[in-house]
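A short worksheet on the structure shown next.
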Amino acid sequence: MLHTVMYHYVQDPARMPLPLKVMPVDAFRRQVRRLAECFEMATLESAMAYLAGGYKPRRDLCLLTFDDGLAEHAHTVTPLLAEMGIEGIFFLITACCEENRVAPVHMNHVLMAALPFGDYRREFFHEVAIRPDEAQVDAAAAKATYPWDSPEVASFKYYFNFLARPGDRDRAVSALFQRHFGREDEFSRTFYLSWTGARAMQSAGMKIGGHTHLHRPLSSLAAPELFADLDRCRGLLHSRLRPQPYWPFSYPYGKLASFTPESVSMLRTLGFHCGCTTEEGANCQGTDPFLLRRVDCKKAPMEAAVSPSEVAQ
Ligand SMILES: [Zn+2]
C-alpha cells in the first residue's frame with residue numbers, strides 16, 4: 001500500500017502571531033519519526049513506480065505531502081525532513097508566489113483566528129448582503145467536510161468554500177481582510193513561500209507541485225477559465241523552478257466533487273503526472289495516479305497516530 005499523509009500548517013504554537021489551527025512542530029517531528037519506523041518513506045519517484053507496478057517495496061510506502069505553499073514549509077518543515085533524509089512534496093498556489101496574493105481560503109482562516117467567530121460571521125454576511133439564516137447549509141455535508149470544527153464553524157466554512165457565489169465571497173473577504181490586516185501583498189510575503197524559498201527546498205531534496213494558480217474548486221470553473229488557471233500554474237512552476245522528473249498536483253478542497261474528469265484530462269495534457277485528492281484512504285498498485293487518496297495528519301496511519309492532545313483541533 002501507499003499511504004499519503006496530508007499536512008497544512010506546521011508551526012511552533014508559541015511563536016505564532018495568530019492562533020491558527022496548526023500541527024505543532026514537536027508533534028510533527030515525533031509523527032514523522034514514528035512513520036519512518038513503521039513504513040518505507042516514499043519519494044515521488046518510488047510512489048509513482050509502485051503505482052505503475054514497477055516497484056515492489058517490502059513494507060508499505062508512506063509519502064508526505066504539504067498543501068498551500070506556506071512559508072513554514074521552507075523554514076520549519078524542510079530542514080527537519082532534510083535532516084531525516086525524507087522527501088516532502090509541497091503544493092504551491094502560484095498566484096501567492098508570483099503576484100503576492102492571499103487566497104480567500106486563507107483570508108478566511110486568519111480572519112477566523114483573529115476575530116471572535118460570531119463577529120466575523122456577522123461582518124461577512126453583512127458584506128455579502130444576505131442574512132445568515134438564508135445561507136442554506138447541509139449540516140451533514142459540512143460535518144463530513146470539516147470534521148474537526150464545531151457545527152457552526154463547519155457550516156460557515158462549507159458555505160464559504162462551496163456555496164457562496166465566488167465573486168461575492170472573494171470581494172467580501174478581501175474587504176474584511178483589508179479592514180483588519182491591511183495590505184494583501186505584505187501579508188502574502190510573510191505567509192507564503194517565495195520562489196527563492198521553493199528553489200532552496202528543491203535543492204534540499206524536496207519536490208514541488210501545483211495547487212492551481214488561484215485556489216478555486218476546479219469544478220466551479222468553465223473550461224476556458226479552468227484551462228487558463230492550470231496552464232498559468234504549470235507555466236510558472238516550469239519557469240520559476242528547477243526541472244523535476246515528475247510534476248505532481250493537488251486539487252484545492254480535494255473531494256471528488258471539487259474537480260471533474262475534464263480537469264483531470266487537462267492536467268494530463270499539461271504534463272502533470274499525478275493528482276492528490278482529500279478523499280480518505282490508502283492507495284494500492286494500479287490506483288489511478290490522478291485519484292490519489294490521502295489521510296489528514298490528524299489521522300495518520302494507525303501505528304503513527306499522535307494522541308489528540310498533541311494536535312490542535
Ligand atoms: Zn489548499
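Going through the C-alpha cells in order, the chains are called A, B, and so on, while each chain numbers its residues from 1 and the ligands are numbered from 1 in the order shown.
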
Practice problem: List the neighbours of segment 279-290 of chain A out to 6 Å using only C-alpha atoms; skip same-chain residues closer than 5 positions along the sequence, and give me the result as a PyMOL selection string. | Solution: chain A and resi 1-3+51+53+255+274+295

If you take only C-alpha atoms and all ligand atoms and a cut-off of 8 Å, which residues of chain A touch ligand 1, and what are their nearest atom pairs and distances in Å to one decimal, in chain and number order, as a Markdown table?
```
| residue | atom | partner | partner_atom_place_in_ligand_line | distance |
| --- | --- | --- | --- | --- |
| A:Asp67 | CA | ligand 1 | 1 (Zn) | 5.4 |
| A:Asp68 | CA | ligand 1 | 1 (Zn) | 4.8 |
| A:Ile93 | CA | ligand 1 | 1 (Zn) | 7.7 |
| A:Val105 | CA | ligand 1 | 1 (Zn) | 7.9 |
| A:His211 | CA | ligand 1 | 1 (Zn) | 6.7 |
| A:His215 | CA | ligand 1 | 1 (Zn) | 6.5 |
| A:Ser250 | CA | ligand 1 | 1 (Zn) | 7.8 |
| A:Tyr251 | CA | ligand 1 | 1 (Zn) | 7.4 |
| A:Pro252 | CA | ligand 1 | 1 (Zn) | 4.6 |
| A:Tyr253 | CA | ligand 1 | 1 (Zn) | 6.0 |
```

Practice problem: Excluding segment 109-123 of chain A and any residue of its chain fewer than 3 positions from it, enumerate the residues within 6 Å of it, using only C-alpha atoms, and give them as a PyMOL selection string. | Solution: chain A and resi 19-20+106+126

Using N, CA and C atoms, can you write the selected residues to a file as a JSON list (two decimals), in the first residue's frame?
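See again-v3.json below for the written result:
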```
[["chain", "number", "residue", "atom", "x", "y", "z"],
["A", 19, "PRO", "N", -3.66, 32.60, 16.32],
["A", 19, "PRO", "CA", -3.96, 31.23, 16.78],
["A", 19, "PRO", "C", -4.59, 30.37, 15.69],
["A", 20, "LEU", "N", -3.84, 30.08, 14.63],
["A", 20, "LEU", "CA", -4.35, 29.21, 13.56],
["A", 20, "LEU", "C", -4.31, 27.77, 14.05],
["A", 106, "HIS", "N", -7.41, 31.35, 2.85],
["A", 106, "HIS", "CA", -6.50, 31.72, 3.95],
["A", 106, "HIS", "C", -6.92, 33.04, 4.59],
["A", 126, "HIS", "N", -22.88, 40.45, 6.36],
["A", 126, "HIS", "CA", -23.24, 41.84, 6.05],
["A", 126, "HIS", "C", -22.61, 42.26, 4.71]]
```

Exercise. For atom CA of Pro79 of chain A and atom CA of Met206 of chain A, determine how far apart the two atoms are, in Å to one decimal place.
Key: 10.1 Å

Self-check item: Within 7 Å of Glu40 of chain A using only C-alpha atoms, minus same-chain residues under 5 positions, as a PyMOL selection string
Solution: chain A and resi 59-62

Exercise. Give me the residues within 10 Å of Arg171 of chain A as a ChimeraX atom specification, counting only C-alpha atoms and dropping any in the same chain fewer than 4 places off.
Key: /A:104,127-128,166-167,175-177
